[in-house]
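Enquirer: Sharing coords.txt here; it has compact mmCIF, N, CA and C atoms.
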# COMPACT_ATOMS: atom_id res chain seq x y z
N MET A 258 120.32 155.58 194.99
CA MET A 258 119.17 154.73 194.82
C MET A 258 119.26 154.09 193.43
N ALA A 259 118.84 152.82 193.31
CA ALA A 259 118.93 152.07 192.07
C ALA A 259 117.84 152.51 191.11
N PRO A 260 118.16 152.48 189.80
CA PRO A 260 117.14 152.86 188.83
C PRO A 260 116.02 151.83 188.82
N PRO A 261 114.83 152.25 188.47
CA PRO A 261 113.71 151.30 188.45
C PRO A 261 113.99 150.19 187.42
N PRO A 262 113.55 148.97 187.76
CA PRO A 262 113.80 147.86 186.82
C PRO A 262 113.10 148.11 185.50
N GLY A 263 113.80 147.83 184.42
CA GLY A 263 113.24 148.00 183.09
C GLY A 263 112.81 146.64 182.54
N PRO A 264 112.42 146.60 181.29
CA PRO A 264 112.02 145.31 180.70
C PRO A 264 113.23 144.36 180.63
N LEU A 265 112.96 143.07 180.77
CA LEU A 265 114.03 142.07 180.70
C LEU A 265 114.56 141.99 179.28
N ARG A 266 115.86 141.90 179.17
CA ARG A 266 116.47 141.78 177.85
C ARG A 266 116.99 140.36 177.67
N ARG A 267 116.82 139.85 176.47
CA ARG A 267 117.36 138.52 176.13
C ARG A 267 118.73 138.72 175.52
N THR A 268 119.63 137.88 175.91
CA THR A 268 120.94 137.92 175.29
C THR A 268 121.11 136.66 174.46
N GLN A 269 121.78 136.80 173.37
CA GLN A 269 122.03 135.65 172.51
C GLN A 269 123.36 135.03 172.89
N VAL A 270 123.38 133.73 172.85
CA VAL A 270 124.60 133.00 173.13
C VAL A 270 125.13 132.48 171.81
N ALA A 271 126.39 132.69 171.58
CA ALA A 271 127.00 132.21 170.35
C ALA A 271 127.16 130.69 170.43
N THR A 272 126.71 130.01 169.42
CA THR A 272 126.88 128.55 169.37
C THR A 272 127.55 128.18 168.07
N LEU A 273 128.25 127.09 168.11
CA LEU A 273 128.86 126.59 166.88
C LEU A 273 127.81 125.81 166.12
N ASP A 274 127.78 126.03 164.84
CA ASP A 274 126.89 125.24 164.01
C ASP A 274 127.52 123.87 163.80
N ARG A 275 126.92 122.87 164.39
CA ARG A 275 127.44 121.51 164.26
C ARG A 275 126.41 120.68 163.52
N PRO A 276 126.90 119.87 162.61
CA PRO A 276 125.94 118.99 161.93
C PRO A 276 125.39 117.98 162.93
N GLU A 277 124.19 117.60 162.69
CA GLU A 277 123.55 116.63 163.58
C GLU A 277 124.28 115.30 163.48
N ALA A 278 124.52 114.67 164.62
CA ALA A 278 125.21 113.38 164.63
C ALA A 278 124.33 112.34 163.93
N PRO A 279 124.95 111.51 163.10
CA PRO A 279 124.15 110.49 162.39
C PRO A 279 123.67 109.41 163.36
N ASN A 280 122.54 108.87 163.05
CA ASN A 280 122.02 107.75 163.84
C ASN A 280 122.75 106.50 163.42
N CYS A 281 122.91 105.59 164.37
CA CYS A 281 123.56 104.32 164.06
C CYS A 281 122.65 103.50 163.16
N CYS A 282 123.23 102.94 162.11
CA CYS A 282 122.47 102.11 161.18
C CYS A 282 122.00 100.85 161.91
N PRO A 283 120.72 100.54 161.89
CA PRO A 283 120.21 99.37 162.61
C PRO A 283 120.82 98.06 162.12
N ASN A 284 121.06 97.94 160.82
CA ASN A 284 121.67 96.71 160.30
C ASN A 284 123.11 96.56 160.80
N PHE A 285 123.85 97.65 160.79
CA PHE A 285 125.22 97.63 161.30
C PHE A 285 125.22 97.24 162.77
N HIS A 286 124.35 97.86 163.53
CA HIS A 286 124.27 97.57 164.96
C HIS A 286 123.95 96.10 165.21
N HIS A 287 123.00 95.56 164.45
CA HIS A 287 122.63 94.15 164.59
C HIS A 287 123.82 93.24 164.27
N ALA A 288 124.54 93.56 163.20
CA ALA A 288 125.70 92.75 162.80
C ALA A 288 126.79 92.77 163.86
N VAL A 289 127.07 93.95 164.41
CA VAL A 289 128.10 94.07 165.43
C VAL A 289 127.68 93.31 166.69
N GLU A 290 126.43 93.42 167.08
CA GLU A 290 125.94 92.69 168.25
C GLU A 290 126.02 91.19 168.04
N LEU A 291 125.73 90.74 166.84
CA LEU A 291 125.76 89.31 166.54
C LEU A 291 127.19 88.78 166.57
N VAL A 292 128.08 89.37 165.80
CA VAL A 292 129.45 88.89 165.69
C VAL A 292 130.23 89.18 166.98
N GLY A 293 129.88 90.27 167.66
CA GLY A 293 130.61 90.65 168.86
C GLY A 293 130.16 89.95 170.12
N LYS A 294 129.13 89.14 170.02
CA LYS A 294 128.67 88.42 171.20
C LYS A 294 129.76 87.45 171.66
N ARG A 295 129.89 87.30 172.96
CA ARG A 295 130.98 86.49 173.51
C ARG A 295 131.03 85.12 172.85
N TRP A 296 132.19 84.75 172.38
CA TRP A 296 132.54 83.49 171.74
C TRP A 296 132.11 83.39 170.28
N THR A 297 131.17 84.18 169.84
CA THR A 297 130.67 84.06 168.47
C THR A 297 131.76 84.37 167.45
N GLY A 298 132.51 85.43 167.67
CA GLY A 298 133.59 85.78 166.75
C GLY A 298 134.62 84.67 166.64
N ALA A 299 134.97 84.06 167.77
CA ALA A 299 135.95 82.97 167.77
C ALA A 299 135.40 81.76 167.03
N ILE A 300 134.14 81.45 167.22
CA ILE A 300 133.50 80.33 166.52
C ILE A 300 133.52 80.57 165.02
N LEU A 301 133.13 81.77 164.61
CA LEU A 301 133.13 82.10 163.19
C LEU A 301 134.54 82.05 162.61
N TYR A 302 135.51 82.54 163.36
CA TYR A 302 136.89 82.52 162.89
C TYR A 302 137.35 81.08 162.61
N VAL A 303 137.04 80.17 163.54
CA VAL A 303 137.44 78.77 163.38
C VAL A 303 136.76 78.16 162.15
N LEU A 304 135.47 78.41 161.98
CA LEU A 304 134.74 77.87 160.84
C LEU A 304 135.27 78.45 159.52
N LEU A 305 135.58 79.73 159.52
CA LEU A 305 136.11 80.36 158.31
C LEU A 305 137.50 79.85 157.98
N GLU A 306 138.34 79.67 159.00
CA GLU A 306 139.71 79.22 158.77
C GLU A 306 139.78 77.79 158.26
N THR A 307 138.91 76.92 158.78
CA THR A 307 138.97 75.52 158.33
C THR A 307 138.36 75.38 156.94
N GLY A 308 137.34 76.17 156.65
CA GLY A 308 136.70 76.12 155.33
C GLY A 308 135.99 74.81 155.03
N ARG A 309 135.63 74.08 156.06
CA ARG A 309 134.94 72.80 155.86
C ARG A 309 133.95 72.61 157.01
N PRO A 310 133.02 71.67 156.84
CA PRO A 310 132.10 71.37 157.96
C PRO A 310 132.89 70.86 159.16
N MET A 311 132.44 71.21 160.34
CA MET A 311 133.11 70.79 161.57
C MET A 311 132.11 70.18 162.54
N ARG A 312 132.58 69.17 163.25
CA ARG A 312 131.77 68.58 164.29
C ARG A 312 131.75 69.50 165.50
N PHE A 313 130.71 69.36 166.31
CA PHE A 313 130.54 70.17 167.51
C PHE A 313 131.80 70.11 168.37
N SER A 314 132.30 68.91 168.60
CA SER A 314 133.47 68.75 169.48
C SER A 314 134.71 69.39 168.87
N GLU A 315 134.85 69.38 167.56
CA GLU A 315 136.00 70.03 166.90
C GLU A 315 135.98 71.53 167.16
N ILE A 316 134.81 72.10 167.02
CA ILE A 316 134.68 73.54 167.27
C ILE A 316 135.02 73.83 168.72
N GLY A 317 134.47 73.03 169.62
CA GLY A 317 134.73 73.22 171.05
C GLY A 317 136.20 73.13 171.40
N HIS A 318 136.91 72.19 170.80
CA HIS A 318 138.34 72.05 171.08
C HIS A 318 139.15 73.19 170.46
N SER A 319 138.64 73.79 169.41
CA SER A 319 139.36 74.87 168.73
C SER A 319 139.22 76.21 169.42
N VAL A 320 138.23 76.33 170.31
CA VAL A 320 138.00 77.58 171.02
C VAL A 320 138.20 77.31 172.52
N PRO A 321 139.39 77.62 173.05
CA PRO A 321 139.68 77.32 174.46
C PRO A 321 138.70 78.01 175.42
N ASP A 322 138.39 77.31 176.49
CA ASP A 322 137.54 77.82 177.59
C ASP A 322 136.07 77.99 177.23
N LEU A 323 135.66 77.52 176.08
CA LEU A 323 134.25 77.61 175.68
C LEU A 323 133.52 76.36 176.16
N SER A 324 132.49 76.56 176.98
CA SER A 324 131.73 75.42 177.50
C SER A 324 130.80 74.86 176.43
N ASP A 325 130.45 73.60 176.57
CA ASP A 325 129.51 72.97 175.63
C ASP A 325 128.17 73.69 175.63
N ARG A 326 127.73 74.12 176.80
CA ARG A 326 126.44 74.81 176.90
C ARG A 326 126.45 76.11 176.08
N LEU A 327 127.51 76.91 176.24
CA LEU A 327 127.59 78.16 175.48
C LEU A 327 127.81 77.91 174.00
N LEU A 328 128.59 76.91 173.66
CA LEU A 328 128.79 76.59 172.24
C LEU A 328 127.46 76.21 171.61
N SER A 329 126.69 75.38 172.30
CA SER A 329 125.38 74.99 171.79
C SER A 329 124.48 76.20 171.60
N GLU A 330 124.48 77.10 172.56
CA GLU A 330 123.66 78.31 172.49
C GLU A 330 124.06 79.17 171.31
N ARG A 331 125.37 79.39 171.15
CA ARG A 331 125.85 80.23 170.04
C ARG A 331 125.57 79.59 168.69
N MET A 332 125.72 78.27 168.59
CA MET A 332 125.45 77.60 167.32
C MET A 332 123.98 77.72 166.94
N LYS A 333 123.09 77.63 167.93
CA LYS A 333 121.65 77.80 167.66
C LYS A 333 121.37 79.22 167.18
N GLU A 334 122.03 80.21 167.78
CA GLU A 334 121.84 81.60 167.35
C GLU A 334 122.34 81.81 165.93
N LEU A 335 123.51 81.26 165.63
CA LEU A 335 124.06 81.41 164.28
C LEU A 335 123.20 80.68 163.25
N GLU A 336 122.64 79.54 163.64
CA GLU A 336 121.75 78.81 162.75
C GLU A 336 120.46 79.60 162.51
N ALA A 337 119.93 80.20 163.56
CA ALA A 337 118.70 81.00 163.44
C ALA A 337 118.91 82.22 162.54
N GLN A 338 120.13 82.75 162.52
CA GLN A 338 120.44 83.91 161.67
C GLN A 338 120.81 83.51 160.25
N GLY A 339 120.86 82.21 159.98
CA GLY A 339 121.19 81.75 158.64
C GLY A 339 122.68 81.82 158.32
N ILE A 340 123.51 81.83 159.36
CA ILE A 340 124.96 81.93 159.17
C ILE A 340 125.61 80.55 159.12
N VAL A 341 125.05 79.60 159.86
CA VAL A 341 125.54 78.22 159.80
C VAL A 341 124.37 77.28 159.54
N GLU A 342 124.71 76.14 158.98
CA GLU A 342 123.72 75.07 158.80
C GLU A 342 124.16 73.89 159.64
N ARG A 343 123.18 73.23 160.20
CA ARG A 343 123.43 72.04 161.01
C ARG A 343 123.05 70.82 160.17
N HIS A 344 124.00 69.90 160.02
CA HIS A 344 123.75 68.69 159.25
C HIS A 344 123.84 67.49 160.17
N VAL A 345 122.79 66.66 160.16
CA VAL A 345 122.76 65.45 160.98
C VAL A 345 122.75 64.25 160.04
N THR A 346 123.70 63.35 160.24
CA THR A 346 123.73 62.13 159.44
C THR A 346 123.10 61.01 160.24
N GLY A 347 122.48 60.08 159.55
CA GLY A 347 121.77 59.00 160.20
C GLY A 347 122.64 57.82 160.58
N THR A 348 123.94 58.03 160.57
CA THR A 348 124.83 56.92 160.92
C THR A 348 124.75 56.64 162.42
N SER A 349 125.31 55.52 162.81
CA SER A 349 125.34 55.21 164.23
C SER A 349 126.80 55.23 164.68
N PRO A 350 127.21 56.07 165.58
CA PRO A 350 126.39 57.08 166.26
C PRO A 350 126.05 58.25 165.32
N VAL A 351 125.03 58.98 165.71
CA VAL A 351 124.59 60.14 164.92
C VAL A 351 125.73 61.14 164.85
N ARG A 352 125.95 61.67 163.68
CA ARG A 352 127.02 62.65 163.47
C ARG A 352 126.39 64.00 163.14
N VAL A 353 126.77 65.02 163.90
CA VAL A 353 126.27 66.37 163.69
C VAL A 353 127.43 67.26 163.28
N GLU A 354 127.28 67.93 162.15
CA GLU A 354 128.31 68.84 161.67
C GLU A 354 127.69 70.21 161.41
N TYR A 355 128.52 71.21 161.53
CA TYR A 355 128.11 72.59 161.27
C TYR A 355 128.94 73.13 160.12
N GLU A 356 128.27 73.85 159.24
CA GLU A 356 128.93 74.42 158.07
C GLU A 356 128.43 75.83 157.85
N LEU A 357 129.32 76.71 157.43
CA LEU A 357 128.91 78.08 157.11
C LEU A 357 128.05 78.09 155.86
N THR A 358 127.04 78.92 155.86
CA THR A 358 126.22 79.15 154.67
C THR A 358 126.92 80.22 153.83
N ASP A 359 126.33 80.55 152.69
CA ASP A 359 126.87 81.66 151.88
C ASP A 359 126.91 82.94 152.70
N ARG A 360 125.87 83.14 153.49
CA ARG A 360 125.80 84.33 154.35
C ARG A 360 126.96 84.33 155.35
N GLY A 361 127.25 83.17 155.91
CA GLY A 361 128.35 83.06 156.86
C GLY A 361 129.70 83.24 156.20
N ARG A 362 129.89 82.62 155.04
CA ARG A 362 131.16 82.75 154.31
C ARG A 362 131.39 84.19 153.85
N ASP A 363 130.32 84.92 153.66
CA ASP A 363 130.42 86.32 153.24
C ASP A 363 131.02 87.20 154.34
N LEU A 364 131.12 86.69 155.55
CA LEU A 364 131.75 87.42 156.65
C LEU A 364 133.27 87.35 156.59
N ASN A 365 133.81 86.55 155.69
CA ASN A 365 135.25 86.32 155.63
C ASN A 365 136.05 87.60 155.52
N ALA A 366 135.66 88.49 154.62
CA ALA A 366 136.41 89.74 154.43
C ALA A 366 136.37 90.60 155.69
N ALA A 367 135.20 90.74 156.30
CA ALA A 367 135.07 91.56 157.50
C ALA A 367 135.87 90.97 158.67
N MET A 368 135.78 89.65 158.84
CA MET A 368 136.52 89.00 159.92
C MET A 368 138.02 89.09 159.66
N GLY A 369 138.43 88.99 158.40
CA GLY A 369 139.84 89.13 158.06
C GLY A 369 140.37 90.52 158.40
N GLU A 370 139.58 91.54 158.10
CA GLU A 370 139.98 92.91 158.43
C GLU A 370 140.06 93.10 159.94
N LEU A 371 139.11 92.53 160.66
CA LEU A 371 139.13 92.62 162.12
C LEU A 371 140.37 91.93 162.68
N LYS A 372 140.74 90.78 162.12
CA LYS A 372 141.94 90.08 162.56
C LYS A 372 143.18 90.92 162.28
N CYS A 373 143.27 91.53 161.11
CA CYS A 373 144.41 92.39 160.79
C CYS A 373 144.52 93.55 161.79
N TRP A 374 143.40 94.15 162.10
CA TRP A 374 143.38 95.24 163.07
C TRP A 374 143.85 94.75 164.43
N ALA A 375 143.34 93.59 164.86
CA ALA A 375 143.72 93.03 166.16
C ALA A 375 145.21 92.70 166.20
N ASP A 376 145.74 92.12 165.13
CA ASP A 376 147.16 91.80 165.08
C ASP A 376 148.02 93.07 165.15
N ARG A 377 147.51 94.14 164.58
CA ARG A 377 148.28 95.38 164.55
C ARG A 377 148.22 96.13 165.88
N TRP A 378 147.04 96.16 166.51
CA TRP A 378 146.85 97.04 167.64
C TRP A 378 146.72 96.36 169.01
N LEU A 379 146.47 95.09 169.04
CA LEU A 379 146.28 94.42 170.33
C LEU A 379 147.42 93.45 170.59
N ASP A 380 147.93 93.49 171.76
CA ASP A 380 148.99 92.54 172.14
C ASP A 380 148.55 91.71 173.30
Just dump the structure as structure tokens.
Expert:
Amino acid sequence: MAPPPGPLRRTQVATLDRPEAPNCCPNFHHAVELVGKRWTGAILYVLLETGRPMRFSEIGHSVPDLSDRLLSERMKELEAQGIVERHVTGTSPVRVEYELTDRGRDLNAAMGELKCWADRWLD
């Protein structure tokens, strides 16, 4: 016959003490989402490489397979973030150029490092 049930015993489970995982920095996350958005990195690369104001059509021709609609959308987003400035001249026909701001030019080092990484690891 089985012995009468006694009080329940708790057993301890050995766990590894692990430091708590850090939370993702919101500014870093925002920057990665902005630059990593489809076509945005390529647009920034072209603007950084030329180092001068570019017309809408020049940017479009420099980034293969980018539609005018998406280019317009991305340029508006970059302008809203203060990364590019849109300049309209009153000549006939109207001339619209885009130029990197100081904030946009400050991405040069980060984009350069990303390009080096891509050249090294991606084929």
Enquirer: Please determine, counting only N, CA and C atoms, which residue among A:Arg377, A:Arg295, A:Arg275, A:Arg360 has the shortest atom-to-atom distance to A:Gln338.
Expert: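 Closest to A:Gln338 of all the choices is A:Arg360.
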Enquirer: Select from chain A everything DSSP, run on the backbone, classes as alpha helix (DSSP H), then give the selection as a PyMOL selection string.
Expert: chain A and resi 283-292+297-307+313-319+325-337+359-362+365-378
Enquirer: Excluding stretch 341-350 of chain A and its own-chain neighbours fewer than 5 positions away, which residues fall within 8 Å of it when counting all atoms listed in the file? Please give them as a PyMOL selection string.
Expert: chain A and resi 332+334-336+355-362
Enquirer: Would you please work out which residue, of A:Met368, A:Ile340, A:Ala299, A:Leu265, is nearest to A:Val320 when using only C-alpha atoms?
Expert: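 Among A:Met368, A:Ile340, A:Ala299, A:Leu265, it is A:Ala299 that comes nearest to A:Val320.
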Enquirer: Go through A:Arg331, A:Ala337, A:Asp380, A:Ala278 one by one, measure the shortest atom-to-atom distance of each to A:Thr297 using all atoms listed in the file, and give the residue with the smallest value.
Expert: A:Arg331
Enquirer: Between A:Pro276, A:Ala366, A:Glu354, A:Gly298, which residue has the minimum interatomic distance to A:Arg312, considering only N, CA and C atoms?
Expert: A:Glu354
Enquirer: Provide the atom C of A:Asn365 to atom C of A:His287 distance in Å, to one decimal place.
Expert: 16.1 Å
Enquirer: Between atom N of A:Gly317 and atom N of A:Ser329, measure the distance and give it in Å to one decimal.
Expert: 8.6 Å
Enquirer: So how many Å separate atom CA of A:Arg326 and atom CA of A:His286, to one decimal?
Expert: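 Distance between the two atoms: 25.8 Å.
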Enquirer: As a list in words, please: every residue in stretch 318-356 of chain A that DSSP puts in strand (DSSP E or B).
Expert: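 Selection result, strand (DSSP E or B) within stretch 318-356 of chain A: Val341, Glu342, Arg343, His344, Val345, Thr346, Arg352, Val353, Glu354, Tyr355 and Glu356 of chain A.
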Enquirer: Using only C-alpha atoms, which of A:Asp274, A:Trp296, A:Leu291, A:Arg352 sits nearest A:Asp322?
Expert: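 Selected residue with least distance to A:Asp322: A:Trp296.
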Enquirer: From the block you just saw, export stretch 279-376 of chain A: C-alpha atoms, as a PDB file, in the first residue's frame.
Expert:
ATOM      1  CA  PRO A 279      18.919  45.896 -23.857  1.00  0.00           C
ATOM      2  CA  ASN A 280      16.003  47.669 -25.426  1.00  0.00           C
ATOM      3  CA  CYS A 281      16.476  48.976 -28.933  1.00  0.00           C
ATOM      4  CA  CYS A 282      17.285  52.682 -28.949  1.00  0.00           C
ATOM      5  CA  PRO A 283      14.284  54.519 -30.451  1.00  0.00           C
ATOM      6  CA  ASN A 284      16.506  56.975 -32.337  1.00  0.00           C
ATOM      7  CA  PHE A 285      18.551  54.152 -33.836  1.00  0.00           C
ATOM      8  CA  HIS A 286      15.393  52.303 -34.813  1.00  0.00           C
ATOM      9  CA  HIS A 287      13.955  55.424 -36.454  1.00  0.00           C
ATOM     10  CA  ALA A 288      17.184  56.034 -38.404  1.00  0.00           C
ATOM     11  CA  VAL A 289      17.355  52.446 -39.645  1.00  0.00           C
ATOM     12  CA  GLU A 290      13.691  52.511 -40.686  1.00  0.00           C
ATOM     13  CA  LEU A 291      14.218  55.789 -42.524  1.00  0.00           C
ATOM     14  CA  VAL A 292      17.409  54.902 -44.403  1.00  0.00           C
ATOM     15  CA  GLY A 293      16.383  51.274 -44.874  1.00  0.00           C
ATOM     16  CA  LYS A 294      13.076  52.079 -46.503  1.00  0.00           C
ATOM     17  CA  ARG A 295      12.925  50.775 -50.061  1.00  0.00           C
ATOM     18  CA  TRP A 296      14.812  53.054 -52.475  1.00  0.00           C
ATOM     19  CA  THR A 297      15.726  55.616 -49.809  1.00  0.00           C
ATOM     20  CA  GLY A 298      19.255  54.293 -49.316  1.00  0.00           C
ATOM     21  CA  ALA A 299      19.875  54.324 -53.069  1.00  0.00           C
ATOM     22  CA  ILE A 300      18.551  57.889 -53.361  1.00  0.00           C
ATOM     23  CA  LEU A 301      20.771  59.054 -50.513  1.00  0.00           C
ATOM     24  CA  TYR A 302      23.765  57.257 -52.011  1.00  0.00           C
ATOM     25  CA  VAL A 303      23.294  59.048 -55.348  1.00  0.00           C
ATOM     26  CA  LEU A 304      22.903  62.445 -53.675  1.00  0.00           C
ATOM     27  CA  LEU A 305      25.954  61.860 -51.479  1.00  0.00           C
ATOM     28  CA  GLU A 306      28.100  60.631 -54.378  1.00  0.00           C
ATOM     29  CA  THR A 307      27.319  63.567 -56.660  1.00  0.00           C
ATOM     30  CA  GLY A 308      27.768  66.121 -53.879  1.00  0.00           C
ATOM     31  CA  ARG A 309      25.647  68.670 -55.726  1.00  0.00           C
ATOM     32  CA  PRO A 310      21.970  69.541 -56.182  1.00  0.00           C
ATOM     33  CA  MET A 311      20.197  67.165 -58.546  1.00  0.00           C
ATOM     34  CA  ARG A 312      17.066  67.436 -60.605  1.00  0.00           C
ATOM     35  CA  PHE A 313      14.247  64.974 -60.011  1.00  0.00           C
ATOM     36  CA  SER A 314      14.853  63.280 -63.365  1.00  0.00           C
ATOM     37  CA  GLU A 315      18.605  62.946 -62.681  1.00  0.00           C
ATOM     38  CA  ILE A 316      17.915  61.117 -59.453  1.00  0.00           C
ATOM     39  CA  GLY A 317      15.365  58.916 -61.191  1.00  0.00           C
ATOM     40  CA  HIS A 318      17.798  57.968 -63.952  1.00  0.00           C
ATOM     41  CA  SER A 319      20.530  57.229 -61.398  1.00  0.00           C
ATOM     42  CA  VAL A 320      18.395  54.703 -59.513  1.00  0.00           C
ATOM     43  CA  PRO A 321      17.277  51.924 -61.906  1.00  0.00           C
ATOM     44  CA  ASP A 322      13.695  50.616 -61.649  1.00  0.00           C
ATOM     45  CA  LEU A 323      12.549  53.463 -59.382  1.00  0.00           C
ATOM     46  CA  SER A 324       9.182  54.828 -60.479  1.00  0.00           C
ATOM     47  CA  ASP A 325       8.463  58.558 -60.491  1.00  0.00           C
ATOM     48  CA  ARG A 326       5.650  58.011 -58.000  1.00  0.00           C
ATOM     49  CA  LEU A 327       7.926  56.281 -55.473  1.00  0.00           C
ATOM     50  CA  LEU A 328      10.738  58.768 -56.035  1.00  0.00           C
ATOM     51  CA  SER A 329       8.329  61.614 -55.341  1.00  0.00           C
ATOM     52  CA  GLU A 330       7.092  59.881 -52.187  1.00  0.00           C
ATOM     53  CA  ARG A 331      10.609  59.222 -50.879  1.00  0.00           C
ATOM     54  CA  MET A 332      11.762  62.769 -51.636  1.00  0.00           C
ATOM     55  CA  LYS A 333       8.801  64.167 -49.672  1.00  0.00           C
ATOM     56  CA  GLU A 334       9.692  61.900 -46.737  1.00  0.00           C
ATOM     57  CA  LEU A 335      13.343  62.947 -46.829  1.00  0.00           C
ATOM     58  CA  GLU A 336      12.312  66.600 -47.042  1.00  0.00           C
ATOM     59  CA  ALA A 337       9.950  66.186 -44.071  1.00  0.00           C
ATOM     60  CA  GLN A 338      12.828  64.678 -42.048  1.00  0.00           C
ATOM     61  CA  GLY A 339      15.091  67.606 -42.913  1.00  0.00           C
ATOM     62  CA  ILE A 340      17.503  65.437 -44.904  1.00  0.00           C
ATOM     63  CA  VAL A 341      16.960  67.092 -48.290  1.00  0.00           C
ATOM     64  CA  GLU A 342      15.850  70.530 -49.383  1.00  0.00           C
ATOM     65  CA  ARG A 343      13.716  71.161 -52.417  1.00  0.00           C
ATOM     66  CA  HIS A 344      14.640  74.225 -54.461  1.00  0.00           C
ATOM     67  CA  VAL A 345      12.287  75.613 -57.109  1.00  0.00           C
ATOM     68  CA  THR A 346      13.544  78.217 -59.553  1.00  0.00           C
ATOM     69  CA  GLY A 347      11.145  80.589 -61.247  1.00  0.00           C
ATOM     70  CA  THR A 348      12.586  80.036 -64.684  1.00  0.00           C
ATOM     71  CA  SER A 349      10.484  78.786 -67.541  1.00  0.00           C
ATOM     72  CA  PRO A 350      10.165  75.852 -67.430  1.00  0.00           C
ATOM     73  CA  VAL A 351      10.196  75.607 -63.650  1.00  0.00           C
ATOM     74  CA  ARG A 352      13.306  73.843 -62.405  1.00  0.00           C
ATOM     75  CA  VAL A 353      13.147  71.713 -59.251  1.00  0.00           C
ATOM     76  CA  GLU A 354      16.350  70.513 -57.619  1.00  0.00           C
ATOM     77  CA  TYR A 355      17.019  68.513 -54.487  1.00  0.00           C
ATOM     78  CA  GLU A 356      20.032  69.015 -52.270  1.00  0.00           C
ATOM     79  CA  LEU A 357      21.197  67.340 -49.083  1.00  0.00           C
ATOM     80  CA  THR A 358      21.030  69.439 -45.931  1.00  0.00           C
ATOM     81  CA  ASP A 359      23.748  69.339 -43.263  1.00  0.00           C
ATOM     82  CA  ARG A 360      21.701  66.592 -41.626  1.00  0.00           C
ATOM     83  CA  GLY A 361      21.681  64.637 -44.881  1.00  0.00           C
ATOM     84  CA  ARG A 362      25.386  65.153 -45.563  1.00  0.00           C
ATOM     85  CA  ASP A 363      26.097  63.941 -42.038  1.00  0.00           C
ATOM     86  CA  LEU A 364      24.926  60.489 -43.196  1.00  0.00           C
ATOM     87  CA  ASN A 365      27.997  60.217 -45.440  1.00  0.00           C
ATOM     88  CA  ALA A 366      30.148  58.303 -42.944  1.00  0.00           C
ATOM     89  CA  ALA A 367      27.378  55.836 -42.053  1.00  0.00           C
ATOM     90  CA  MET A 368      26.439  55.254 -45.698  1.00  0.00           C
ATOM     91  CA  GLY A 369      30.122  54.822 -46.573  1.00  0.00           C
ATOM     92  CA  GLU A 370      30.519  52.160 -43.892  1.00  0.00           C
ATOM     93  CA  LEU A 371      27.385  50.396 -45.112  1.00  0.00           C
ATOM     94  CA  LYS A 372      28.763  50.421 -48.670  1.00  0.00           C
ATOM     95  CA  CYS A 373      32.085  48.966 -47.478  1.00  0.00           C
ATOM     96  CA  TRP A 374      30.222  46.215 -45.649  1.00  0.00           C
ATOM     97  CA  ALA A 375      28.073  45.496 -48.713  1.00  0.00           C
ATOM     98  CA  ASP A 376      31.122  45.369 -51.005  1.00  0.00           C
TER      99      ASP A 376
END
